[in-house]
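**Student:** final.cif is the file, holding mmCIF, C-alpha atoms:
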```
data_upload
loop_
_atom_site.label_atom_id
_atom_site.label_comp_id
_atom_site.auth_asym_id
_atom_site.auth_seq_id
_atom_site.Cartn_x
_atom_site.Cartn_y
_atom_site.Cartn_z
CA MET U 26 -124.77 177.97 -97.50
CA LYS U 27 -126.34 179.04 -94.22
CA THR U 28 -129.14 181.60 -94.39
CA SER U 29 -127.43 183.48 -91.55
CA ASN U 30 -124.63 184.23 -94.04
CA LEU U 31 -126.87 184.86 -97.08
CA LEU U 32 -128.53 188.03 -98.34
CA LEU U 33 -132.01 186.51 -98.12
CA ALA U 34 -134.13 189.47 -99.17
CA THR U 35 -137.62 187.92 -99.08
CA GLN U 36 -140.66 190.16 -98.70
CA ARG U 37 -144.05 189.49 -97.16
CA GLU U 38 -146.11 192.04 -99.10
CA ASN U 39 -147.00 191.83 -102.77
CA PRO U 40 -145.18 194.52 -104.82
CA SER U 41 -147.71 197.10 -105.96
CA ASP U 42 -146.07 197.74 -109.35
CA ALA U 43 -145.68 194.09 -110.43
CA GLU U 44 -148.05 193.14 -113.26
CA THR U 45 -147.04 189.50 -113.80
CA ILE U 46 -146.57 186.52 -111.49
CA SER U 47 -142.87 186.24 -112.33
CA HIS U 48 -142.21 189.92 -111.60
CA LYS U 49 -144.05 189.68 -108.29
CA LEU U 50 -142.34 186.47 -107.19
CA MET U 51 -138.86 187.53 -108.29
CA LEU U 52 -139.21 190.60 -106.06
CA LYS U 53 -140.83 188.74 -103.15
CA ALA U 54 -138.28 185.92 -103.26
CA GLY U 55 -135.39 188.38 -103.34
CA LEU U 56 -134.05 187.48 -106.78
CA ILE U 57 -133.99 191.02 -108.19
CA ARG U 58 -134.30 194.68 -107.22
CA GLN U 59 -135.06 197.53 -109.61
CA VAL U 60 -132.39 200.21 -110.11
CA ALA U 61 -134.20 202.20 -112.82
CA SER U 62 -137.00 201.51 -115.26
CA GLY U 63 -136.18 198.21 -116.96
CA ILE U 64 -132.80 197.89 -115.18
CA TYR U 65 -132.27 195.47 -112.27
CA ASN U 66 -129.80 194.29 -109.68
CA TRP U 67 -129.62 190.49 -109.48
CA LEU U 68 -129.26 189.34 -105.84
CA PRO U 69 -127.47 186.11 -104.77
CA LEU U 70 -130.42 183.75 -105.27
CA GLY U 71 -131.21 185.27 -108.66
CA VAL U 72 -127.59 185.05 -109.81
CA LYS U 73 -127.45 181.36 -108.89
CA VAL U 74 -130.48 180.66 -111.09
CA LEU U 75 -129.00 182.72 -113.93
CA ARG U 76 -125.76 180.73 -113.74
CA LYS U 77 -127.66 177.43 -113.81
CA VAL U 78 -129.43 178.50 -117.01
CA GLU U 79 -126.14 179.74 -118.49
CA ASN U 80 -124.42 176.44 -117.69
CA ILE U 81 -127.10 174.42 -119.51
CA VAL U 82 -126.87 176.74 -122.52
CA ARG U 83 -123.07 176.71 -122.50
CA ARG U 84 -122.98 172.90 -122.26
CA GLU U 85 -125.11 172.47 -125.38
CA MET U 86 -123.26 175.17 -127.30
CA GLU U 87 -119.98 173.38 -126.60
CA LYS U 88 -121.51 170.06 -127.67
CA SER U 89 -122.51 171.61 -130.98
CA GLY U 90 -118.94 172.71 -131.64
CA ALA U 91 -119.55 176.43 -131.15
CA GLN U 92 -116.61 178.46 -129.80
CA GLU U 93 -117.16 180.93 -126.96
CA ILE U 94 -115.98 184.51 -127.34
CA LEU U 95 -116.88 187.77 -125.59
CA MET U 96 -117.68 190.94 -127.53
CA PRO U 97 -118.09 194.48 -126.14
CA MET U 98 -121.42 195.91 -125.09
CA VAL U 99 -120.29 199.35 -126.38
CA GLN U 100 -120.19 199.37 -130.19
CA PRO U 101 -118.88 202.00 -132.64
CA GLY U 102 -121.54 203.66 -134.76
CA GLU U 103 -119.42 203.36 -137.91
CA LEU U 104 -119.99 199.58 -137.99
CA TRP U 105 -123.76 200.02 -137.78
CA LYS U 106 -123.59 202.58 -140.58
CA GLU U 107 -121.75 200.03 -142.73
CA SER U 108 -124.55 197.51 -142.31
CA GLY U 109 -127.21 200.17 -142.88
CA ARG U 110 -128.88 199.65 -139.51
CA TRP U 111 -127.80 202.90 -137.81
CA GLN U 112 -130.93 204.65 -139.04
CA GLN U 113 -133.08 201.56 -139.54
CA TYR U 114 -132.99 200.02 -136.07
CA GLY U 115 -135.10 202.68 -134.42
CA LYS U 116 -135.20 204.38 -131.04
CA GLU U 117 -134.44 201.17 -129.14
CA LEU U 118 -130.81 201.77 -130.18
CA LEU U 119 -129.28 203.90 -127.41
CA ILE U 120 -126.77 206.24 -129.08
CA PHE U 121 -124.17 208.43 -127.40
CA GLU U 122 -120.89 210.24 -128.13
CA ASP U 123 -117.55 209.88 -126.37
CA ARG U 124 -115.28 212.80 -125.45
CA HIS U 125 -113.88 212.83 -128.98
CA ASP U 126 -117.37 213.27 -130.48
CA ARG U 127 -117.34 209.75 -131.91
CA GLU U 128 -120.69 208.00 -132.04
CA PHE U 129 -121.31 204.74 -130.19
CA CYS U 130 -124.28 202.64 -129.15
CA LEU U 131 -125.07 200.14 -126.42
CA GLY U 132 -125.39 196.84 -128.25
CA PRO U 133 -128.89 195.40 -128.58
CA THR U 134 -127.35 192.63 -130.71
CA HIS U 135 -123.93 191.89 -132.18
CA GLU U 136 -124.17 191.10 -135.92
CA GLU U 137 -121.98 194.06 -136.86
CA ILE U 138 -119.31 193.32 -134.27
CA ILE U 139 -119.03 189.61 -135.14
CA THR U 140 -118.91 190.37 -138.88
CA ASP U 141 -116.13 192.91 -138.30
CA LEU U 142 -114.24 190.38 -136.16
CA CYS U 143 -114.48 187.67 -138.80
CA ARG U 144 -113.48 189.89 -141.73
CA ASN U 145 -110.24 190.57 -139.84
CA GLU U 146 -109.60 187.00 -138.68
CA ILE U 147 -111.18 184.63 -141.23
CA ARG U 148 -109.32 184.62 -144.55
CA SER U 149 -109.59 181.17 -146.07
CA HIS U 150 -112.48 178.86 -146.92
CA LYS U 151 -110.56 176.23 -144.94
CA GLN U 152 -111.51 178.08 -141.73
CA LEU U 153 -115.22 177.56 -142.42
CA PRO U 154 -117.74 176.46 -141.32
CA VAL U 155 -117.45 178.05 -137.88
CA ILE U 156 -119.87 179.10 -135.12
CA PHE U 157 -119.04 181.64 -132.42
CA TYR U 158 -121.18 182.40 -129.38
CA GLN U 159 -121.18 184.59 -126.29
CA ILE U 160 -123.22 185.19 -123.14
CA GLN U 161 -123.37 188.95 -122.79
CA THR U 162 -125.40 191.90 -121.52
CA LYS U 163 -127.57 193.65 -124.11
CA PHE U 164 -129.40 196.98 -123.98
CA ARG U 165 -132.54 197.94 -125.87
CA ASP U 166 -134.16 201.23 -124.97
CA GLU U 167 -137.71 199.88 -124.73
CA ILE U 168 -140.36 202.58 -124.88
CA ARG U 169 -142.29 200.82 -122.11
CA PRO U 170 -140.27 198.37 -120.01
CA ARG U 171 -142.62 196.07 -118.11
CA PHE U 172 -143.16 192.66 -116.57
CA GLY U 173 -139.84 192.80 -114.67
CA VAL U 174 -137.00 191.06 -116.51
CA MET U 175 -139.46 189.76 -119.11
CA ARG U 176 -139.29 193.03 -121.04
CA SER U 177 -136.44 194.99 -119.53
CA ARG U 178 -134.04 197.41 -121.15
CA GLU U 179 -130.88 195.67 -119.95
CA PHE U 180 -130.84 191.88 -120.17
CA ILE U 181 -128.56 188.86 -120.48
CA MET U 182 -128.53 186.94 -123.73
CA LYS U 183 -126.70 184.11 -125.43
CA ASP U 184 -126.12 184.95 -129.07
CA ALA U 185 -124.36 182.75 -131.62
CA TYR U 186 -123.31 183.39 -135.21
CA SER U 187 -122.50 180.86 -137.93
CA PHE U 188 -120.38 181.42 -141.05
CA ASP U 189 -120.61 179.00 -143.97
CA LEU U 190 -119.47 178.68 -147.57
CA SER U 191 -122.84 177.78 -149.08
CA GLU U 192 -126.56 177.85 -148.42
CA GLN U 193 -126.47 174.09 -147.83
CA GLN U 194 -123.78 174.51 -145.18
CA MET U 195 -125.80 177.34 -143.61
CA ASP U 196 -128.83 175.04 -143.49
CA ASP U 197 -126.68 172.45 -141.71
CA SER U 198 -125.43 174.99 -139.16
CA TYR U 199 -128.98 176.23 -138.63
CA GLN U 200 -130.19 172.68 -137.99
CA SER U 201 -127.30 172.06 -135.59
CA MET U 202 -128.25 175.14 -133.56
CA ARG U 203 -131.95 174.23 -133.70
CA ASP U 204 -131.13 170.78 -132.32
CA ALA U 205 -129.02 172.36 -129.56
CA TYR U 206 -131.92 174.63 -128.63
CA VAL U 207 -134.27 171.67 -128.39
CA ARG U 208 -131.82 169.96 -126.02
CA ILE U 209 -131.53 173.17 -123.97
CA PHE U 210 -135.25 173.65 -123.50
CA ASN U 211 -135.79 169.96 -122.81
CA SER U 212 -133.09 170.14 -120.13
CA LEU U 213 -134.75 173.20 -118.61
CA GLY U 214 -137.95 171.17 -118.26
CA LEU U 215 -140.13 173.82 -119.89
CA ASP U 216 -143.30 173.37 -121.95
CA TYR U 217 -142.44 175.16 -125.20
CA ARG U 218 -143.23 175.37 -128.90
CA ILE U 219 -141.09 176.20 -131.94
CA VAL U 220 -142.95 178.61 -134.23
CA LYS U 221 -142.32 180.16 -137.64
CA ALA U 222 -141.56 183.83 -137.10
CA ASP U 223 -140.81 187.24 -138.60
CA SER U 224 -137.10 188.16 -138.80
CA GLY U 225 -137.78 191.79 -137.82
CA ALA U 226 -134.87 194.21 -137.42
CA ILE U 227 -132.27 191.42 -137.51
CA GLY U 228 -133.06 190.67 -141.14
CA GLY U 229 -132.52 187.54 -143.21
CA ALA U 230 -134.75 184.83 -144.63
CA ASP U 231 -136.17 182.01 -142.53
CA SER U 232 -136.49 182.36 -138.77
CA GLU U 233 -138.11 180.43 -135.92
CA GLU U 234 -138.95 181.40 -132.35
CA PHE U 235 -138.92 179.24 -129.22
CA HIS U 236 -141.85 180.12 -126.98
CA VAL U 237 -142.51 179.01 -123.41
CA LEU U 238 -146.27 178.56 -123.05
CA ALA U 239 -147.74 180.86 -120.38
CA ASP U 240 -150.92 182.90 -119.94
CA SER U 241 -148.84 186.07 -119.52
CA GLY U 242 -147.15 185.66 -122.92
CA GLU U 243 -147.28 188.63 -125.29
CA ASP U 244 -147.57 186.48 -128.43
CA LEU U 245 -150.58 184.42 -129.49
CA LEU U 246 -149.49 181.09 -130.95
CA ALA U 247 -151.43 178.74 -133.22
CA PHE U 248 -150.31 175.11 -133.23
CA SER U 249 -151.60 171.73 -134.29
CA ASP U 250 -152.86 169.23 -131.75
CA LYS U 251 -151.56 166.37 -133.95
CA SER U 252 -148.16 167.55 -135.24
CA ASP U 253 -145.21 169.88 -134.62
CA TYR U 254 -146.75 172.64 -136.74
CA ALA U 255 -146.77 175.98 -134.89
CA ILE U 256 -146.76 179.63 -135.98
CA ASN U 257 -147.26 183.08 -134.55
CA ALA U 258 -151.00 183.61 -135.06
CA GLU U 259 -150.40 187.11 -136.45
CA LEU U 260 -148.26 185.67 -139.26
CA LEU U 261 -150.89 183.09 -140.13
CA ILE U 262 -153.51 185.76 -140.84
CA GLU U 263 -151.30 188.64 -142.01
CA SER U 264 -152.85 188.46 -145.48
CA LYS U 265 -156.32 188.80 -143.96
CA SER U 266 -156.13 192.12 -142.13
CA ASP U 267 -159.75 192.06 -141.03
CA GLN U 268 -159.59 188.61 -139.41
CA ASP U 269 -159.38 188.18 -135.66
CA PRO U 270 -156.57 185.74 -134.67
CA ARG U 271 -158.97 184.08 -132.24
CA SER U 272 -161.06 182.90 -135.20
CA LEU U 273 -158.37 180.34 -135.76
CA GLU U 274 -160.39 178.74 -131.48
CA GLY U 275 -160.36 174.59 -133.95
CA GLN U 276 -159.59 175.28 -137.79
CA ASP U 277 -157.71 172.64 -139.81
CA SER U 278 -153.95 172.90 -139.37
CA PRO U 279 -152.23 174.22 -142.55
CA ASP U 280 -150.03 171.11 -142.61
CA GLY U 281 -153.13 168.93 -142.92
CA LYS U 282 -152.57 167.26 -139.55
CA GLY U 283 -155.02 167.90 -136.75
CA LYS U 284 -156.79 171.04 -135.59
CA LEU U 285 -155.33 174.38 -134.51
CA LYS U 286 -155.13 175.32 -130.84
CA LEU U 287 -154.31 178.78 -129.50
CA LYS U 288 -152.11 179.57 -126.53
CA ARG U 289 -150.02 182.52 -125.44
CA GLY U 290 -146.25 182.24 -125.47
CA ILE U 291 -143.18 184.02 -124.09
CA GLU U 292 -140.42 184.28 -126.69
CA VAL U 293 -137.19 182.99 -125.14
CA GLY U 294 -135.22 182.05 -128.24
CA HIS U 295 -134.96 183.09 -131.89
CA ILE U 296 -132.91 181.59 -134.71
CA PHE U 297 -132.33 183.21 -138.13
CA LYS U 298 -130.91 182.42 -141.53
CA LEU U 299 -129.22 185.73 -142.32
CA GLY U 300 -127.68 184.72 -145.63
CA ARG U 301 -125.27 187.35 -146.98
CA LYS U 302 -127.06 190.40 -145.53
CA TYR U 303 -124.12 191.39 -143.31
CA SER U 304 -121.21 189.76 -145.13
CA GLU U 305 -122.05 191.71 -148.30
CA SER U 306 -122.86 195.07 -146.69
CA MET U 307 -119.71 194.92 -144.55
CA LYS U 308 -117.53 193.32 -147.26
CA LEU U 309 -116.61 190.14 -145.43
CA THR U 310 -115.07 187.78 -148.00
CA VAL U 311 -113.03 184.58 -147.83
CA GLN U 312 -110.77 183.06 -150.43
CA SER U 313 -112.09 179.90 -152.04
CA GLU U 314 -111.04 177.70 -154.94
CA ASN U 315 -113.36 179.77 -157.14
CA GLY U 316 -112.20 183.18 -155.92
CA ASN U 317 -113.47 185.41 -153.12
CA ILE U 318 -116.98 184.67 -151.80
CA TYR U 319 -119.31 186.16 -149.22
CA PRO U 320 -120.02 183.69 -146.38
CA GLU U 321 -123.59 182.71 -145.55
CA MET U 322 -124.46 183.69 -141.98
CA GLY U 323 -126.88 182.53 -139.31
CA CYS U 324 -127.82 184.14 -135.97
CA TYR U 325 -129.11 182.33 -132.88
CA GLY U 326 -130.30 184.04 -129.67
CA ILE U 327 -131.54 182.87 -126.28
CA GLY U 328 -132.80 185.23 -123.56
CA ILE U 329 -131.03 183.95 -120.45
CA SER U 330 -132.65 186.37 -118.00
CA ARG U 331 -136.03 186.03 -119.70
CA ILE U 332 -135.90 182.23 -119.29
CA VAL U 333 -135.76 182.74 -115.50
CA ALA U 334 -139.00 184.74 -115.60
CA ALA U 335 -140.64 182.35 -118.09
CA ALA U 336 -139.84 179.35 -115.89
CA ILE U 337 -141.57 181.06 -112.96
CA GLU U 338 -144.62 181.95 -115.07
CA GLN U 339 -144.97 178.26 -115.89
CA ASN U 340 -144.08 176.83 -112.46
CA HIS U 341 -145.58 178.46 -109.37
CA ASP U 342 -148.42 178.20 -106.89
CA ASP U 343 -149.99 180.50 -104.30
CA LYS U 344 -147.00 179.93 -101.98
CA GLY U 345 -144.31 180.96 -104.45
CA ILE U 346 -141.91 179.61 -107.05
CA ILE U 347 -141.55 175.91 -107.90
CA TRP U 348 -138.09 175.43 -109.42
CA SER U 349 -136.98 172.35 -111.31
CA LYS U 350 -133.84 170.85 -109.78
CA GLU U 351 -131.89 171.82 -112.92
CA ILE U 352 -132.11 175.57 -112.30
CA SER U 353 -133.07 175.91 -108.63
CA PRO U 354 -130.61 178.09 -106.67
CA TYR U 355 -130.26 175.19 -104.20
CA THR U 356 -131.43 171.62 -104.60
CA THR U 357 -132.27 171.09 -100.92
CA ALA U 358 -133.45 173.29 -98.04
CA LEU U 359 -132.48 172.14 -94.54
CA VAL U 360 -134.87 173.79 -92.08
CA GLU U 361 -133.77 173.83 -88.47
CA ILE U 362 -136.60 174.40 -85.96
CA ASN U 363 -134.68 174.90 -82.75
CA PRO U 364 -136.13 177.74 -80.61
CA LYS U 365 -134.31 176.56 -77.45
CA GLY U 366 -130.96 176.26 -79.19
CA GLU U 367 -130.64 172.52 -78.48
CA LYS U 368 -126.99 171.70 -79.17
CA ASN U 369 -127.53 168.07 -80.20
CA LEU U 370 -130.26 169.09 -82.65
CA LYS U 371 -127.88 171.60 -84.24
CA ASN U 372 -125.19 168.92 -84.38
CA LEU U 373 -127.56 166.65 -86.32
CA CYS U 374 -128.32 169.51 -88.73
CA ASN U 375 -124.61 170.06 -89.22
CA GLN U 376 -124.01 166.34 -89.78
CA ILE U 377 -126.73 166.10 -92.46
CA TYR U 378 -125.65 169.40 -94.03
CA THR U 379 -122.03 168.24 -94.29
CA SER U 380 -122.96 164.80 -95.64
CA LEU U 381 -125.21 166.26 -98.34
CA LYS U 382 -122.55 168.74 -99.42
CA GLU U 383 -119.95 165.98 -99.61
CA GLN U 384 -122.31 164.11 -101.93
CA GLY U 385 -122.44 167.13 -104.24
CA HIS U 386 -125.81 168.53 -103.18
CA GLU U 387 -126.36 172.29 -102.98
CA VAL U 388 -127.94 172.83 -99.58
CA LEU U 389 -129.41 175.95 -98.01
CA TRP U 390 -129.43 175.52 -94.21
CA ASP U 391 -131.99 177.81 -92.62
CA ASP U 392 -130.32 178.39 -89.26
CA ARG U 393 -131.95 181.77 -88.58
CA ASP U 394 -133.48 182.69 -85.24
CA GLN U 395 -136.95 182.82 -86.75
CA SER U 396 -140.25 181.01 -86.19
CA ALA U 397 -141.08 177.81 -88.01
CA GLY U 398 -143.81 179.65 -89.93
CA VAL U 399 -141.40 182.28 -91.27
CA LYS U 400 -138.88 179.62 -92.33
CA PHE U 401 -141.45 177.43 -94.07
CA SER U 402 -142.94 180.46 -95.82
CA ASP U 403 -139.55 181.62 -97.09
CA MET U 404 -138.46 178.20 -98.32
CA GLU U 405 -141.77 177.70 -100.15
CA LEU U 406 -141.50 181.19 -101.65
CA ILE U 407 -137.93 180.62 -102.85
CA GLY U 408 -139.06 177.35 -104.43
CA ILE U 409 -136.27 174.93 -103.53
CA PRO U 410 -137.37 171.45 -104.75
CA GLN U 411 -136.65 169.43 -101.57
CA MET U 412 -137.01 170.33 -97.90
CA ILE U 413 -135.59 168.51 -94.86
CA ILE U 414 -137.14 169.63 -91.57
CA ILE U 415 -135.50 168.95 -88.21
CA GLY U 416 -137.53 170.11 -85.23
CA GLU U 417 -137.67 169.37 -81.51
CA LYS U 418 -140.48 166.82 -81.71
CA SER U 419 -139.02 164.82 -84.60
CA PHE U 420 -135.52 165.03 -83.07
CA ARG U 421 -136.75 163.45 -79.81
CA GLU U 422 -138.15 160.58 -81.89
CA ASN U 423 -134.88 160.24 -83.83
CA LYS U 424 -136.69 161.30 -86.99
CA VAL U 425 -136.42 164.02 -89.61
CA GLU U 426 -139.16 165.15 -92.00
CA PHE U 427 -138.90 165.31 -95.79
CA LYS U 428 -141.13 167.29 -98.15
CA MET U 429 -141.11 167.97 -101.90
CA ARG U 430 -141.96 171.49 -103.08
CA GLY U 431 -145.45 171.61 -104.56
CA GLU U 432 -146.63 168.58 -102.56
CA ASP U 433 -148.41 168.54 -99.19
CA LYS U 434 -147.17 165.10 -98.14
CA ILE U 435 -144.51 165.03 -95.39
CA VAL U 436 -142.49 161.82 -94.92
CA SER U 437 -140.80 160.88 -91.64
CA LEU U 438 -137.33 159.33 -91.94
CA ILE U 439 -134.57 158.24 -89.64
CA PRO U 440 -131.49 160.47 -90.20
CA ASP U 441 -129.54 157.70 -91.96
CA GLU U 442 -132.24 157.49 -94.67
CA VAL U 443 -131.95 161.14 -95.70
CA LEU U 444 -129.12 160.70 -98.22
CA ASN U 445 -130.91 157.92 -100.06
CA LYS U 446 -134.17 159.88 -100.12
CA ILE U 447 -132.49 162.99 -101.55
CA GLN U 448 -130.72 160.97 -104.23
#
```
Output the structure of this file as structure tokens.

**Tutor:**
Amino acid sequence: MKTSNLLLATQRENPSDAETISHKLMLKAGLIRQVASGIYNWLPLGVKVLRKVENIVRREMEKSGAQEILMPMVQPGELWKESGRWQQYGKELLIFEDRHDREFCLGPTHEEIITDLCRNEIRSHKQLPVIFYQIQTKFRDEIRPRFGVMRSREFIMKDAYSFDLSEQQMDDSYQSMRDAYVRIFNSLGLDYRIVKADSGAIGGADSEEFHVLADSGEDLLAFSDKSDYAINAELLIESKSDQDPRSLEGQDSPDGKGKLKLKRGIEVGHIFKLGRKYSESMKLTVQSENGNIYPEMGCYGIGISRIVAAAIEQNHDDKGIIWSKEISPYTTALVEINPKGEKNLKNLCNQIYTSLKEQGHEVLWDDRDQSAGVKFSDMELIGIPQMIIIGEKSFRENKVEFKMRGEDKIVSLIPDEVLNKIQ
């Protein structure tokens, strides 16, 4: 892609209403624009990052054997009344009526819809176990949307639902999803922790959260420096209402391994063992050798749009975003510094651009009629991992310059070495 053909909506000034680094940089880099409180347009660069995250998630869901479906964002109130959550969920549930005075809501989650789907399609125990997933827009009417897409009202989420014949099978499905989540967050290159959590409005028994560690995180996490033990600090002291979570600053880990450390985390994933909460309330049964039974359910969510913000919170500097190559909108920036419009210099840019694309690289060619300073500033702000610079001086010496995002070192190469360096 050439920048002359791209909606490159970078900004020089810091947004006055942005409270977090990710919110500020997503606006400055032209990833998002606010439409209303907690509701955003995603611009071309932002959409490319979203799709990269989605592709990693989808790849691991498919590996786990989960089947992709797509459920509606608009949900009938009668299903929520069946499950008992119509009154329980709270004011985050946005309720409205259609022209026939029937009640609906914008889905904050899809347990009712998937249970209704399965009670109409799953009849026999031979069809279980099964896991369905979707990547879909959700809406939660947050009382105070903030931090950009970190706590927005409309957001993109991957949610999966497992159906099993027994608690043992449910445990197996839960472990399969947990393993898939570990692979996802490892592939994203994020520093994260898995913590024991509260099931909240979703319900069910055991649940765990996946938190990306960042100073801007809303949750305080306590974890061992010698083991995998981690928990939301509030849960660890819930029986001691007068204790400050910070008093945990080196205590022995509850698992007997190491000392506790405290860090803030951004919740980007949550997995639940729902049991029969929804299958019983909504009368989902399957025929088994011992008669009709209620399937055991699990629920598994990942905040796709929130991951984008969390990755920025964890990977940035004073110049802008530092993307990993796995989710960067482009893997390579080709910066043409050609104020006199030298034809041979442009031909070299085109040659390198074409060669890189043929090798499968995603290249952003900055061919704008702008100063070198503006181009460098924009490419650093956007955060593309690798930069190739072709300017008049280096061109006369039959050289191009190569720079990695986040590093000051610039390497001079002859044009034929560029492909090997990028790979």

**Student:** Could you list the residues chosen by the PyMOL selection byres ((chain U and resi 292) around 6) in this structure as a ChimeraX atom specification?

**Tutor:** /U:235-236,291,293-294

**Student:** Using all atoms listed in the file, can you tell me which of U:Arg218, U:Lys424, U:Arg331, U:Arg171 comes closest to U:Val74?

**Tutor:**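 Ranking U:Arg218, U:Lys424, U:Arg331, U:Arg171 by distance to U:Val74, first place goes to U:Arg331.
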
**Student:** Contacts of stretch 338-354 of chain U at 6 Å or less, counting all atoms listed in the file, minus same-chain residues fewer than 2 places along, as an NGL selection string?

**Tutor:** :U and (47 or 70 or 73-74 or 77 or 239 or 335-336 or 356 or 405-408)

**Student:** Pull out every residue that the PyMOL selection byres ((chain U and resi 368-383) around 8) matches in the shown coordinates and put them as number ranges by chain.

**Tutor:** U: 359, 361, 363, 366-367, 384-388, 390, 415-417, 420, 440, 443-444

**Student:** Please check which residues have atoms at most 10 Å from (-150.8, 183.6, -133.5) in the file's coordinates, counting only C-alpha atoms, and write them as a ChimeraX atom specification.

**Tutor:** /U:220,222,244-248,255-263,269-271,273,286-290

**Student:** Provide the atom CA of U:Ile332 to atom CA of U:Tyr186 distance in Å, to one decimal place.

**Tutor:**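 Straight-line distance from atom CA of U:Ile332 to atom CA of U:Tyr186 works out to 20.3 Å.
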
**Student:** Which residues would end up in the selection if the PyMOL selection byres ((chain U and resi 309) around 8) were applied here, given that I need the answer as a compact mmCIF listing (two decimals) with C-alpha atoms, keeping the file's coordinate frame?

**Tutor:**
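Below is the file that was written, result-v7.txt:
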```
# COMPACT_ATOMS: atom_id res chain seq x y z
CA THR U 140 -118.91 190.37 -138.88
CA ASP U 141 -116.13 192.91 -138.30
CA CYS U 143 -114.48 187.67 -138.80
CA ARG U 144 -113.48 189.89 -141.73
CA TYR U 303 -124.12 191.39 -143.31
CA SER U 304 -121.21 189.76 -145.13
CA GLU U 305 -122.05 191.71 -148.30
CA MET U 307 -119.71 194.92 -144.55
CA LYS U 308 -117.53 193.32 -147.26
CA THR U 310 -115.07 187.78 -148.00
CA VAL U 311 -113.03 184.58 -147.83
CA TYR U 319 -119.31 186.16 -149.22
CA PRO U 320 -120.02 183.69 -146.38
```

**Student:** Have a look at U:Arg110, U:His150, U:Lys446, U:Arg178 and name the one nearest to U:Glu314; count all atoms listed in the file.

**Tutor:**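 Using all atoms listed in the file, U:Glu314 sits closest to U:His150.
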
**Student:** Please determine, counting all atoms listed in the file, which residue among U:Cys324, U:Met195, U:Arg176, U:Arg127 has the shortest atom-to-atom distance to U:Ser241.

**Tutor:**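 Answer, going by the shortest atom-to-atom distance: U:Arg176.
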
**Student:** Select, from U:Asp392, U:Glu128, U:Glu321, U:Glu107, the residue with the minimum atom-to-atom distance to U:Ser198, counting only C-alpha atoms.

**Tutor:**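 Smallest distance to U:Ser198 is found for U:Glu321.
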